[in-house]
>>> print(open('run-v6.cif').read())   # mmCIF, C-alpha atoms
data_upload
#
loop_
_atom_site.label_atom_id
_atom_site.label_comp_id
_atom_site.auth_asym_id
_atom_site.auth_seq_id
_atom_site.Cartn_x
_atom_site.Cartn_y
_atom_site.Cartn_z
CA MET A 11 -22.20 13.20 -40.80
CA GLY A 12 -20.09 10.40 -42.25
CA TRP A 13 -19.93 6.66 -41.58
CA ASN A 14 -17.15 7.21 -39.04
CA GLU A 15 -19.44 9.31 -36.84
CA ILE A 16 -22.44 7.02 -37.32
CA ILE A 17 -20.60 3.78 -36.49
CA PHE A 18 -18.43 5.00 -33.63
CA GLY A 19 -21.04 7.45 -32.32
CA GLY A 20 -23.43 4.49 -32.24
CA LEU A 21 -20.85 2.46 -30.32
CA ILE A 22 -20.58 5.26 -27.74
CA VAL A 23 -24.36 5.36 -27.27
CA ILE A 24 -24.71 1.55 -27.08
CA GLY A 25 -21.71 1.13 -24.73
CA LEU A 26 -22.80 3.87 -22.36
CA GLY A 27 -26.42 2.72 -22.56
CA ALA A 28 -25.39 -0.82 -21.59
CA PHE A 29 -23.28 0.50 -18.72
CA PHE A 30 -25.94 2.81 -17.28
CA PHE A 31 -28.71 0.21 -17.67
CA PHE A 32 -27.07 -3.10 -16.76
CA GLY A 33 -24.62 -1.56 -14.28
CA ARG A 34 -27.52 -1.06 -11.85
CA PHE A 35 -28.33 -4.75 -11.61
CA ARG A 36 -26.51 -7.40 -9.60
CA ALA A 37 -24.42 -9.90 -11.52
CA GLY A 38 -26.03 -13.22 -12.41
CA LYS A 39 -26.00 -16.26 -10.13
CA ALA A 40 -23.18 -17.83 -12.13
CA GLN A 41 -21.01 -14.88 -11.17
CA ARG A 42 -22.08 -14.40 -7.55
CA GLU A 43 -22.37 -17.96 -6.32
CA ARG A 44 -19.10 -19.58 -7.29
CA LYS A 45 -16.35 -20.92 -5.12
CA ASN A 46 -13.33 -19.31 -6.79
CA LYS A 47 -14.31 -15.64 -6.41
CA ILE A 48 -11.67 -13.04 -5.61
CA ARG A 49 -11.73 -12.66 -1.84
CA TRP A 50 -11.34 -8.89 -1.72
CA ARG A 51 -12.05 -8.67 2.00
CA LYS A 52 -9.51 -11.31 2.89
CA HIS A 53 -6.54 -9.43 1.43
CA MET B 5 7.55 -17.05 -6.37
CA SER B 6 4.46 -18.47 -4.74
CA LYS B 7 1.12 -16.95 -5.54
CA HIS B 8 0.83 -15.27 -2.15
CA ASN B 9 4.36 -13.86 -2.23
CA ALA B 10 3.65 -12.47 -5.65
CA LEU B 11 0.46 -10.86 -4.40
CA THR B 12 2.38 -9.22 -1.58
CA THR B 13 5.04 -7.99 -3.98
CA PHE B 14 2.79 -6.60 -6.66
CA GLY B 15 -0.12 -5.41 -4.55
CA ARG B 16 -3.56 -6.85 -4.31
CA SER B 17 -5.27 -5.49 -7.35
CA GLY B 18 -4.35 -4.71 -10.92
CA ASN B 19 -5.86 -1.33 -10.32
CA PRO B 20 -3.93 0.46 -7.58
CA MET B 21 -7.16 2.27 -6.65
CA LEU B 22 -8.71 -1.02 -5.64
CA ARG B 23 -6.87 -2.52 -2.73
CA GLY B 24 -8.48 -5.14 -0.55
CA GLU B 25 -8.25 -2.90 2.51
CA THR B 26 -10.58 -0.49 0.79
CA PHE B 27 -13.62 -2.21 2.20
CA LYS B 28 -12.27 -4.28 5.04
CA PRO B 29 -14.84 -4.41 7.83
CA ASP B 30 -13.26 -1.75 10.03
CA ALA B 31 -14.61 1.41 11.60
CA THR B 32 -15.81 2.64 8.21
CA PHE B 33 -18.29 -0.22 8.08
CA ALA B 34 -19.69 0.85 11.42
CA GLU B 35 -20.07 4.37 10.03
CA ALA B 36 -22.07 2.92 7.19
CA GLU B 37 -24.99 2.32 9.56
CA SER B 38 -25.70 6.02 9.76
CA SER B 39 -24.39 7.32 6.45
CA GLY B 40 -25.97 4.65 4.24
CA ARG B 41 -24.67 1.77 2.21
CA MET B 42 -22.97 1.63 -1.15
CA THR B 43 -25.21 0.54 -4.03
CA LEU B 44 -24.54 -0.39 -7.64
CA ALA B 45 -26.98 2.26 -8.90
CA GLY B 46 -25.25 4.91 -6.80
CA THR B 47 -21.86 3.96 -8.22
CA VAL B 48 -23.18 4.01 -11.79
CA ASN B 49 -24.78 7.44 -11.24
CA LYS B 50 -21.56 8.84 -9.80
CA THR B 51 -19.57 7.43 -12.72
CA GLY B 52 -21.98 9.33 -14.98
CA ILE B 53 -21.34 12.55 -13.03
CA LEU B 54 -17.56 12.08 -13.34
CA LEU B 55 -17.85 11.42 -17.08
CA VAL B 56 -19.87 14.61 -17.58
CA LEU B 57 -17.40 16.68 -15.53
CA CYS B 58 -14.51 15.26 -17.55
CA LEU B 59 -16.34 16.06 -20.79
CA VAL B 60 -16.98 19.67 -19.72
CA THR B 61 -13.31 20.54 -19.13
CA ALA B 62 -12.21 18.43 -22.11
CA SER B 63 -14.49 20.52 -24.37
CA PHE B 64 -12.90 23.64 -22.93
CA THR B 65 -9.30 22.76 -23.92
CA TRP B 66 -10.50 21.15 -27.15
CA ASN B 67 -12.18 24.42 -28.20
CA ILE B 68 -9.15 26.51 -27.25
CA PHE B 69 -6.92 24.29 -29.41
CA PHE B 70 -9.16 24.44 -32.48
CA ARG B 71 -9.84 28.18 -32.05
CA THR B 72 -6.14 29.05 -31.92
CA GLY B 73 -4.68 26.08 -33.84
CA ASP B 74 -1.68 26.38 -31.57
CA PRO B 75 -0.58 23.48 -29.32
CA ALA B 76 1.22 25.97 -27.06
CA ALA B 77 -2.15 27.55 -26.24
CA VAL B 78 -3.31 24.39 -24.45
CA SER B 79 -0.01 23.01 -23.17
CA GLY B 80 -0.30 24.93 -19.89
CA LEU B 81 -3.81 23.62 -19.19
CA LEU B 82 -2.71 20.16 -20.32
CA TRP B 83 0.10 20.02 -17.75
CA ILE B 84 -2.11 21.49 -15.03
CA GLY B 85 -4.59 18.71 -15.77
CA LEU B 86 -1.95 15.96 -15.81
CA ILE B 87 -0.12 17.01 -12.65
CA GLY B 88 -3.29 18.09 -10.83
CA GLY B 89 -4.94 14.81 -11.81
CA LEU B 90 -2.00 12.81 -10.50
CA ILE B 91 -2.01 14.64 -7.16
CA LEU B 92 -5.78 14.32 -6.80
CA ALA B 93 -5.61 10.62 -7.68
CA LEU B 94 -3.00 10.04 -4.97
CA VAL B 95 -5.06 12.00 -2.42
CA THR B 96 -8.15 9.94 -3.33
CA ILE B 97 -6.26 6.66 -2.96
CA PHE B 98 -4.86 7.51 0.46
CA LYS B 99 -7.93 9.42 1.76
CA ARG B 100 -10.84 7.40 0.44
CA GLN B 101 -13.31 9.25 2.65
CA TRP B 102 -12.59 12.41 0.66
CA ALA B 103 -13.48 10.76 -2.64
CA GLY B 104 -16.77 12.69 -2.81
CA VAL B 105 -14.73 15.86 -3.29
CA THR B 106 -11.47 14.66 -4.82
CA ALA B 107 -12.98 12.32 -7.44
CA PRO B 108 -15.00 15.11 -9.18
CA LEU B 109 -11.93 17.37 -9.01
CA TYR B 110 -9.86 14.55 -10.51
CA ALA B 111 -12.37 14.19 -13.37
CA LEU B 112 -12.24 17.94 -14.03
CA ALA B 113 -8.42 17.93 -14.06
CA GLU B 114 -8.18 14.88 -16.31
CA GLY B 115 -10.68 16.48 -18.67
CA LEU B 116 -8.32 19.43 -19.18
CA ALA B 117 -5.52 17.04 -20.13
CA LEU B 118 -7.65 14.71 -22.26
CA GLY B 119 -9.22 17.60 -24.19
CA GLY B 120 -5.79 18.93 -25.15
CA ILE B 121 -4.31 15.53 -26.00
CA SER B 122 -7.37 14.50 -28.00
CA ALA B 123 -7.40 17.77 -29.96
CA MET B 124 -3.75 17.31 -30.94
CA PHE B 125 -4.43 13.75 -32.17
CA GLU B 126 -7.59 14.90 -33.99
CA ALA B 127 -5.69 17.67 -35.78
CA GLN B 128 -3.19 15.10 -37.05
CA TYR B 129 -5.62 12.23 -37.75
CA PRO B 130 -9.16 13.57 -38.34
CA GLY B 131 -11.89 11.34 -36.94
CA ILE B 132 -9.58 9.46 -34.57
CA VAL B 133 -11.12 10.77 -31.33
CA ILE B 134 -14.64 9.52 -31.99
CA GLN B 135 -13.14 6.15 -32.98
CA ALA B 136 -11.20 5.95 -29.71
CA MET B 137 -14.25 7.00 -27.68
CA GLY B 138 -16.46 4.51 -29.49
CA LEU B 139 -14.02 1.66 -28.89
CA THR B 140 -13.53 2.66 -25.22
CA PHE B 141 -17.24 2.81 -24.36
CA GLY B 142 -17.95 -0.20 -26.58
CA THR B 143 -15.38 -2.17 -24.58
CA LEU B 144 -16.92 -0.92 -21.33
CA GLY B 145 -20.40 -2.09 -22.34
CA VAL B 146 -19.29 -5.46 -23.71
CA LEU B 147 -17.09 -6.29 -20.72
CA LEU B 148 -19.82 -5.26 -18.28
CA LEU B 149 -22.28 -7.59 -20.00
CA ALA B 150 -19.68 -10.38 -20.06
CA TYR B 151 -19.05 -9.87 -16.35
CA LYS B 152 -22.69 -9.60 -15.28
CA SER B 153 -23.65 -12.69 -17.26
CA GLY B 154 -20.78 -14.71 -15.78
CA LEU B 155 -19.03 -15.15 -19.12
CA ILE B 156 -15.85 -13.71 -17.58
CA LYS B 157 -15.24 -15.00 -14.07
CA PRO B 158 -12.39 -13.17 -12.33
CA THR B 159 -10.44 -15.43 -9.98
CA GLU B 160 -7.37 -14.94 -7.77
CA ASN B 161 -5.15 -16.17 -10.62
CA PHE B 162 -6.83 -13.80 -13.06
CA ARG B 163 -6.17 -10.94 -10.67
CA LEU B 164 -2.57 -11.99 -10.18
CA MET B 165 -2.05 -12.04 -13.94
CA ILE B 166 -3.53 -8.56 -14.41
CA VAL B 167 -1.57 -7.20 -11.45
CA ALA B 168 1.70 -8.53 -12.86
CA ALA B 169 1.01 -7.28 -16.39
CA THR B 170 -0.15 -3.83 -15.20
CA GLY B 171 2.92 -3.52 -12.98
CA GLY B 172 5.19 -4.53 -15.85
CA ILE B 173 3.64 -1.96 -18.20
CA ALA B 174 3.90 0.77 -15.55
CA LEU B 175 7.58 -0.09 -15.01
CA LEU B 176 8.28 -0.06 -18.74
CA TYR B 177 6.62 3.36 -19.14
CA LEU B 178 8.56 4.68 -16.15
CA VAL B 179 11.89 3.46 -17.56
CA SER B 180 11.03 4.95 -20.95
CA PHE B 181 10.07 8.26 -19.28
CA VAL B 182 13.36 8.42 -17.35
CA MET B 183 15.36 7.46 -20.45
CA GLY B 184 13.67 10.35 -22.25
CA PHE B 185 15.58 12.77 -20.02
CA PHE B 186 18.80 11.37 -21.46
CA GLY B 187 17.66 11.66 -25.04
CA SER B 188 16.92 7.98 -25.36
CA SER B 189 13.82 5.79 -25.23
CA ILE B 190 12.54 2.25 -25.52
CA GLY B 191 11.94 2.31 -29.25
CA PHE B 192 9.25 -0.30 -29.74
CA ILE B 193 6.84 1.36 -27.28
CA HIS B 194 6.29 4.26 -29.64
CA SER B 195 7.06 2.63 -32.99
CA ASN B 196 4.38 1.99 -35.58
CA GLY B 197 6.00 -1.27 -36.66
CA LEU B 198 4.39 -4.64 -36.03
CA PHE B 199 6.08 -5.00 -32.66
CA GLY B 200 4.96 -1.53 -31.55
CA ILE B 201 1.38 -2.22 -32.62
CA GLY B 202 1.48 -5.62 -30.93
CA PHE B 203 2.68 -3.95 -27.73
CA SER B 204 -0.15 -1.40 -27.91
CA LEU B 205 -2.69 -4.18 -28.47
CA PHE B 206 -1.36 -5.98 -25.40
CA VAL B 207 -1.59 -2.81 -23.28
CA VAL B 208 -5.15 -2.14 -24.50
CA ALA B 209 -6.11 -5.71 -23.55
CA ILE B 210 -4.63 -5.35 -20.06
CA ALA B 211 -6.30 -1.96 -19.54
CA ALA B 212 -9.62 -3.48 -20.64
CA LEU B 213 -9.24 -6.45 -18.29
CA ASN B 214 -8.63 -4.02 -15.43
CA LEU B 215 -12.25 -2.98 -15.98
CA VAL B 216 -13.32 -6.50 -15.02
CA LEU B 217 -11.44 -6.18 -11.74
CA ASP B 218 -13.17 -2.83 -11.16
CA PHE B 219 -16.59 -4.38 -11.79
CA ASP B 220 -15.83 -7.27 -9.45
CA PHE B 221 -14.60 -4.99 -6.70
CA ILE B 222 -17.62 -2.67 -6.98
CA GLU B 223 -20.04 -5.62 -7.08
CA GLU B 224 -18.46 -7.20 -4.02
CA ALA B 225 -18.28 -3.91 -2.10
CA ALA B 226 -21.97 -3.22 -2.76
CA GLU B 227 -22.84 -6.81 -1.85
CA GLN B 228 -20.98 -6.49 1.47
CA GLY B 229 -22.70 -3.19 2.30
CA ALA B 230 -19.64 -0.95 2.15
CA PRO B 231 -20.03 2.71 3.24
CA LYS B 232 -21.73 5.16 0.88
CA TYR B 233 -18.59 7.18 0.12
CA LEU B 234 -17.12 4.12 -1.61
CA GLU B 235 -19.61 4.78 -4.42
CA TRP B 236 -17.43 7.79 -5.29
CA TYR B 237 -14.33 5.70 -4.85
CA GLY B 238 -15.65 2.94 -7.13
CA ALA B 239 -16.63 5.54 -9.74
CA PHE B 240 -13.17 7.09 -9.44
CA SER B 241 -11.45 3.74 -10.01
CA LEU B 242 -13.59 3.13 -13.10
CA MET B 243 -12.65 6.59 -14.40
CA VAL B 244 -8.94 5.91 -13.92
CA THR B 245 -9.19 2.68 -15.93
CA LEU B 246 -11.41 4.24 -18.62
CA ILE B 247 -9.00 7.16 -19.09
CA TRP B 248 -6.05 4.78 -19.38
CA LEU B 249 -7.96 2.58 -21.85
CA TYR B 250 -8.99 5.61 -23.94
CA LEU B 251 -5.42 6.93 -24.16
CA GLU B 252 -4.04 3.52 -25.12
CA ILE B 253 -6.68 3.05 -27.82
CA LEU B 254 -5.91 6.55 -29.10
CA ARG B 255 -2.20 5.66 -29.31
CA LEU B 256 -2.95 2.36 -31.03
CA LEU B 257 -5.19 4.02 -33.63
CA ALA B 258 -2.58 6.73 -34.22
CA LYS B 259 0.09 4.08 -34.81
CA LEU B 260 -2.16 2.32 -37.32
CA ARG B 261 -3.07 5.55 -39.12
CA SER B 262 0.57 6.69 -39.27
CA ARG B 263 1.40 3.59 -41.34
CA ASN B 264 -0.75 4.83 -44.23
#
>>> encode(input="run-v6.cif", output="C-alpha cells")
Amino acid sequence: MGWNEIIFGGLIVIGLGAFFFFGRFRAGKAQRERKNKIRWRKH
Amino acid sequence: MSKHNALTTFGRSGNPMLRGETFKPDATFAEAESSGRMTLAGTVNKTGILLVLCLVTASFTWNIFFRTGDPAAVSGLLWIGLIGGLILALVTIFKRQWAGVTAPLYALAEGLALGGISAMFEAQYPGIVIQAMGLTFGTLGVLLLAYKSGLIKPTENFRLMIVAATGGIALLYLVSFVMGFFGSSIGFIHSNGLFGIGFSLFVVAIAALNLVLDFDFIEEAAEQGAPKYLEWYGAFSLMVTLIWLYLEILRLLAKLRSRN
C-alpha cells in the first residue's frame, strides 16, 4: 500500500465517518435560527 | 431580471431533485401521521444503503473490465447503467412516493456506469479513482461540518447563484453533446489547458455547493416533519450530487495527469 492509498483512503474514511456521525444531528443554532434561511416551503 | 423572475425561470433549487413543492404541506403531510416522519438519521442511513448498492454494481463492472482488459466488454453495461439511471432518476423526481423503490434501483444502475467509467480512467491513470473518491467524500464531510456549524449559511441569493450556475453548466454540456453529433465540440470543456482546468475547477465547486443545498433541504424537511418516504428522496438527491461531484473530480484529475 502506497502513500496514495493511505492519504486518499484516509480521506474516504474520515469524510464518510463525518457524514454518518454528524449527519444524524441537527444543525447548530446559528444555522437554524436565522432570519435569511431559504424558505423551501414557500416556493 | 428580478430575483423572483429568475427563480421562476431557472427553477427553485440548484438540484433539480429538490424542488420546494417536494415537501409542501399537502396531502402527503397528512399521510405522514400514519406512516411516520422523516428524520435526519433515517436519511443518513438510507444514503449509506444507496452508497453500498452503488459500490456493489460498480465492483461488478470494474472487475469485468480488469479481467478482460477490454473496454467493449463493459460498454454495454455502462450504457444500461447511464440510460437506466437517467430514466429511474426522472421517475423518482416525478413520483417521489416511489423513491423507496426507484432510488435503490437508481443507485444500482449508476454503479454499473460508474464502475465502467472509473475502471477506464484507472487503466489510463493508475491511482486516480481512489484520489477522486477521497476528494469526493472529503468534500462531503467538510461541507457537512461547515453547514452544521453554521459556517456556510445558504440564503435565497446563494440558492439563486447555484441554480443559475448549475443551469448554465447543464446547458453547456447539452450544447457540447449535440455538437458532438456533428463532429464538433466546445473545445475548452475537455481541454487540459489552463482554461479547461479552470472550467473543471469551477464545475467541481458548483457541484460541491449543491451539496449544501441538499443538506439545507434535508434539514428543513426533517425539521418540518415531512413524510417518511422523503428520507429516500433526500438520500437520492444526495446521491445524484455525489455522483456528479465524483465524475467532475475524476475529469479534473485526469486533465491534470494528462499534462505530465
>>> closest_atom_pairs(input="run-v6.cif", of="chain B", to="chain A", cutoff="9 Å", atoms="only C-alpha atoms", output="JSON lines")
{"residue": "B:Arg16", "atom": "CA", "partner": "A:His53", "partner_atom": "CA", "distance": 7.0}
{"residue": "B:Ser17", "atom": "CA", "partner": "A:Trp50", "partner_atom": "CA", "distance": 8.9}
{"residue": "B:Arg23", "atom": "CA", "partner": "A:Trp50", "partner_atom": "CA", "distance": 7.8}
{"residue": "B:Gly24", "atom": "CA", "partner": "A:Trp50", "partner_atom": "CA", "distance": 4.9}
{"residue": "B:Glu25", "atom": "CA", "partner": "A:His53", "partner_atom": "CA", "distance": 6.8}
{"residue": "B:Thr26", "atom": "CA", "partner": "A:Arg51", "partner_atom": "CA", "distance": 8.4}
{"residue": "B:Phe27", "atom": "CA", "partner": "A:Arg51", "partner_atom": "CA", "distance": 6.7}
{"residue": "B:Lys28", "atom": "CA", "partner": "A:Arg51", "partner_atom": "CA", "distance": 5.3}
{"residue": "B:Pro29", "atom": "CA", "partner": "A:Arg51", "partner_atom": "CA", "distance": 7.7}
{"residue": "B:Thr43", "atom": "CA", "partner": "A:Arg34", "partner_atom": "CA", "distance": 8.3}
{"residue": "B:Leu44", "atom": "CA", "partner": "A:Arg34", "partner_atom": "CA", "distance": 5.2}
{"residue": "B:Ala45", "atom": "CA", "partner": "A:Arg34", "partner_atom": "CA", "distance": 4.5}
{"residue": "B:Gly46", "atom": "CA", "partner": "A:Arg34", "partner_atom": "CA", "distance": 8.1}
{"residue": "B:Thr47", "atom": "CA", "partner": "A:Arg34", "partner_atom": "CA", "distance": 8.4}
{"residue": "B:Val48", "atom": "CA", "partner": "A:Phe30", "partner_atom": "CA", "distance": 6.3}
{"residue": "B:Asn49", "atom": "CA", "partner": "A:Phe30", "partner_atom": "CA", "distance": 7.7}
{"residue": "B:Gly52", "atom": "CA", "partner": "A:Phe30", "partner_atom": "CA", "distance": 8.0}
{"residue": "B:Gly131", "atom": "CA", "partner": "A:Asn14", "partner_atom": "CA", "distance": 7.0}
{"residue": "B:Ile134", "atom": "CA", "partner": "A:Phe18", "partner_atom": "CA", "distance": 6.1}
{"residue": "B:Gln135", "atom": "CA", "partner": "A:Phe18", "partner_atom": "CA", "distance": 5.5}
{"residue": "B:Ala136", "atom": "CA", "partner": "A:Phe18", "partner_atom": "CA", "distance": 8.3}
{"residue": "B:Met137", "atom": "CA", "partner": "A:Ile22", "partner_atom": "CA", "distance": 6.6}
{"residue": "B:Gly138", "atom": "CA", "partner": "A:Ile22", "partner_atom": "CA", "distance": 4.5}
{"residue": "B:Leu139", "atom": "CA", "partner": "A:Leu21", "partner_atom": "CA", "distance": 7.0}
{"residue": "B:Thr140", "atom": "CA", "partner": "A:Ile22", "partner_atom": "CA", "distance": 7.9}
{"residue": "B:Phe141", "atom": "CA", "partner": "A:Gly25", "partner_atom": "CA", "distance": 4.8}
{"residue": "B:Gly142", "atom": "CA", "partner": "A:Gly25", "partner_atom": "CA", "distance": 4.4}
{"residue": "B:Thr143", "atom": "CA", "partner": "A:Gly25", "partner_atom": "CA", "distance": 7.1}
{"residue": "B:Leu144", "atom": "CA", "partner": "A:Gly25", "partner_atom": "CA", "distance": 6.2}
{"residue": "B:Gly145", "atom": "CA", "partner": "A:Gly25", "partner_atom": "CA", "distance": 4.2}
{"residue": "B:Val146", "atom": "CA", "partner": "A:Gly25", "partner_atom": "CA", "distance": 7.1}
{"residue": "B:Leu148", "atom": "CA", "partner": "A:Phe29", "partner_atom": "CA", "distance": 6.7}
{"residue": "B:Leu149", "atom": "CA", "partner": "A:Phe32", "partner_atom": "CA", "distance": 7.3}
{"residue": "B:Tyr151", "atom": "CA", "partner": "A:Ala37", "partner_atom": "CA", "distance": 7.2}
{"residue": "B:Lys152", "atom": "CA", "partner": "A:Ala37", "partner_atom": "CA", "distance": 4.1}
{"residue": "B:Ser153", "atom": "CA", "partner": "A:Gly38", "partner_atom": "CA", "distance": 5.4}
{"residue": "B:Gly154", "atom": "CA", "partner": "A:Gln41", "partner_atom": "CA", "distance": 4.6}
{"residue": "B:Leu155", "atom": "CA", "partner": "A:Gln41", "partner_atom": "CA", "distance": 8.2}
{"residue": "B:Ile156", "atom": "CA", "partner": "A:Gln41", "partner_atom": "CA", "distance": 8.3}
{"residue": "B:Lys157", "atom": "CA", "partner": "A:Gln41", "partner_atom": "CA", "distance": 6.5}
{"residue": "B:Pro158", "atom": "CA", "partner": "A:Lys47", "partner_atom": "CA", "distance": 6.7}
{"residue": "B:Thr159", "atom": "CA", "partner": "A:Ile48", "partner_atom": "CA", "distance": 5.1}
{"residue": "B:Glu160", "atom": "CA", "partner": "A:Ile48", "partner_atom": "CA", "distance": 5.2}
{"residue": "B:Asn161", "atom": "CA", "partner": "A:Ile48", "partner_atom": "CA", "distance": 8.8}
{"residue": "B:Phe162", "atom": "CA", "partner": "A:Ile48", "partner_atom": "CA", "distance": 8.9}
{"residue": "B:Arg163", "atom": "CA", "partner": "A:Ile48", "partner_atom": "CA", "distance": 7.8}
{"residue": "B:Phe219", "atom": "CA", "partner": "A:Gly33", "partner_atom": "CA", "distance": 8.9}
{"residue": "B:Asp220", "atom": "CA", "partner": "A:Ile48", "partner_atom": "CA", "distance": 8.1}
{"residue": "B:Phe221", "atom": "CA", "partner": "A:Trp50", "partner_atom": "CA", "distance": 7.1}
{"residue": "B:Glu223", "atom": "CA", "partner": "A:Arg36", "partner_atom": "CA", "distance": 7.2}
{"residue": "B:Glu224", "atom": "CA", "partner": "A:Trp50", "partner_atom": "CA", "distance": 7.7}
{"residue": "B:Ala225", "atom": "CA", "partner": "A:Trp50", "partner_atom": "CA", "distance": 8.6}
{"residue": "B:Glu227", "atom": "CA", "partner": "A:Arg36", "partner_atom": "CA", "distance": 8.6}
>>> resolve_selection(input="run-v6.cif", expression="the PyMOL selection byres ((chain B and resi 252-264) around 9)", output="list in words")
Ser122, Phe125, Gln128, Tyr129, Ile132, Val133, Gln135, Ala136, Met137, Leu139, Thr140, His194, Ser195, Asn196, Gly197, Gly200, Ile201, Ser204, Leu205, Val207, Val208, Ala211, Ile247, Trp248, Leu249, Tyr250 and Leu251 of chain B
>>> atom_distance(input="run-v6.cif", atom1="atom CA of Gly172 of chain B", atom2="atom CA of Leu92 of chain B")
23.6 Å
>>> closest_residue(input="run-v6.cif", among="B:Val182, B:Ala169, B:Leu90, B:Leu175", to="Phe206 of chain B", atoms="all atoms listed in the file")
B:Ala169
>>> atom_distance(input="run-v6.cif", atom1="atom CA of Ala123 of chain B", atom2="atom CA of Ile84 of chain B")
16.3 Å
>>> residues_around(input="run-v6.cif", residues="Leu176 of chain B", least_positions_apart="3", cutoff="12 Å", atoms="only C-alpha atoms", output="VMD selection string")
chain B and resid 169 to 173 179 to 183 189 to 194 203 207
>>> axis_aligned_box(input="run-v6.cif", around="segment 20-34 of chain A", padding_each_side="8 Å", output="JSON")
{"center_x": -24.6, "center_y": 1.1, "center_z": -22.0, "size_x": 24.1, "size_y": 24.5, "size_z": 36.4}
>>> atom_distance(input="run-v6.cif", atom1="atom CA of Ser241 of chain B", atom2="atom CA of Asn214 of chain B")
9.9 Å
>>> residues_around(input="run-v6.cif", residues="Gly115 of chain B", least_positions_apart="3", cutoff="12 Å", atoms="all atoms listed in the file", output="CSV table (one decimal) with C-alpha atoms, keeping the file's coordinate frame")
chain,number,residue,atom,x,y,z
B,54,LEU,CA,-17.6,12.1,-13.3
B,55,LEU,CA,-17.8,11.4,-17.1
B,56,VAL,CA,-19.9,14.6,-17.6
B,57,LEU,CA,-17.4,16.7,-15.5
B,58,CYS,CA,-14.5,15.3,-17.6
B,59,LEU,CA,-16.3,16.1,-20.8
B,60,VAL,CA,-17.0,19.7,-19.7
B,61,THR,CA,-13.3,20.5,-19.1
B,62,ALA,CA,-12.2,18.4,-22.1
B,63,SER,CA,-14.5,20.5,-24.4
B,64,PHE,CA,-12.9,23.6,-22.9
B,65,THR,CA,-9.3,22.8,-23.9
B,66,TRP,CA,-10.5,21.2,-27.2
B,81,LEU,CA,-3.8,23.6,-19.2
B,82,LEU,CA,-2.7,20.2,-20.3
B,83,TRP,CA,0.1,20.0,-17.8
B,84,ILE,CA,-2.1,21.5,-15.0
B,85,GLY,CA,-4.6,18.7,-15.8
B,86,LEU,CA,-2.0,16.0,-15.8
B,88,GLY,CA,-3.3,18.1,-10.8
B,89,GLY,CA,-4.9,14.8,-11.8
B,108,PRO,CA,-15.0,15.1,-9.2
B,109,LEU,CA,-11.9,17.4,-9.0
B,110,TYR,CA,-9.9,14.6,-10.5
B,111,ALA,CA,-12.4,14.2,-13.4
B,112,LEU,CA,-12.2,17.9,-14.0
B,118,LEU,CA,-7.6,14.7,-22.3
B,119,GLY,CA,-9.2,17.6,-24.2
B,120,GLY,CA,-5.8,18.9,-25.2
B,121,ILE,CA,-4.3,15.5,-26.0
B,122,SER,CA,-7.4,14.5,-28.0
B,123,ALA,CA,-7.4,17.8,-30.0
B,243,MET,CA,-12.6,6.6,-14.4
B,244,VAL,CA,-8.9,5.9,-13.9
B,247,ILE,CA,-9.0,7.2,-19.1
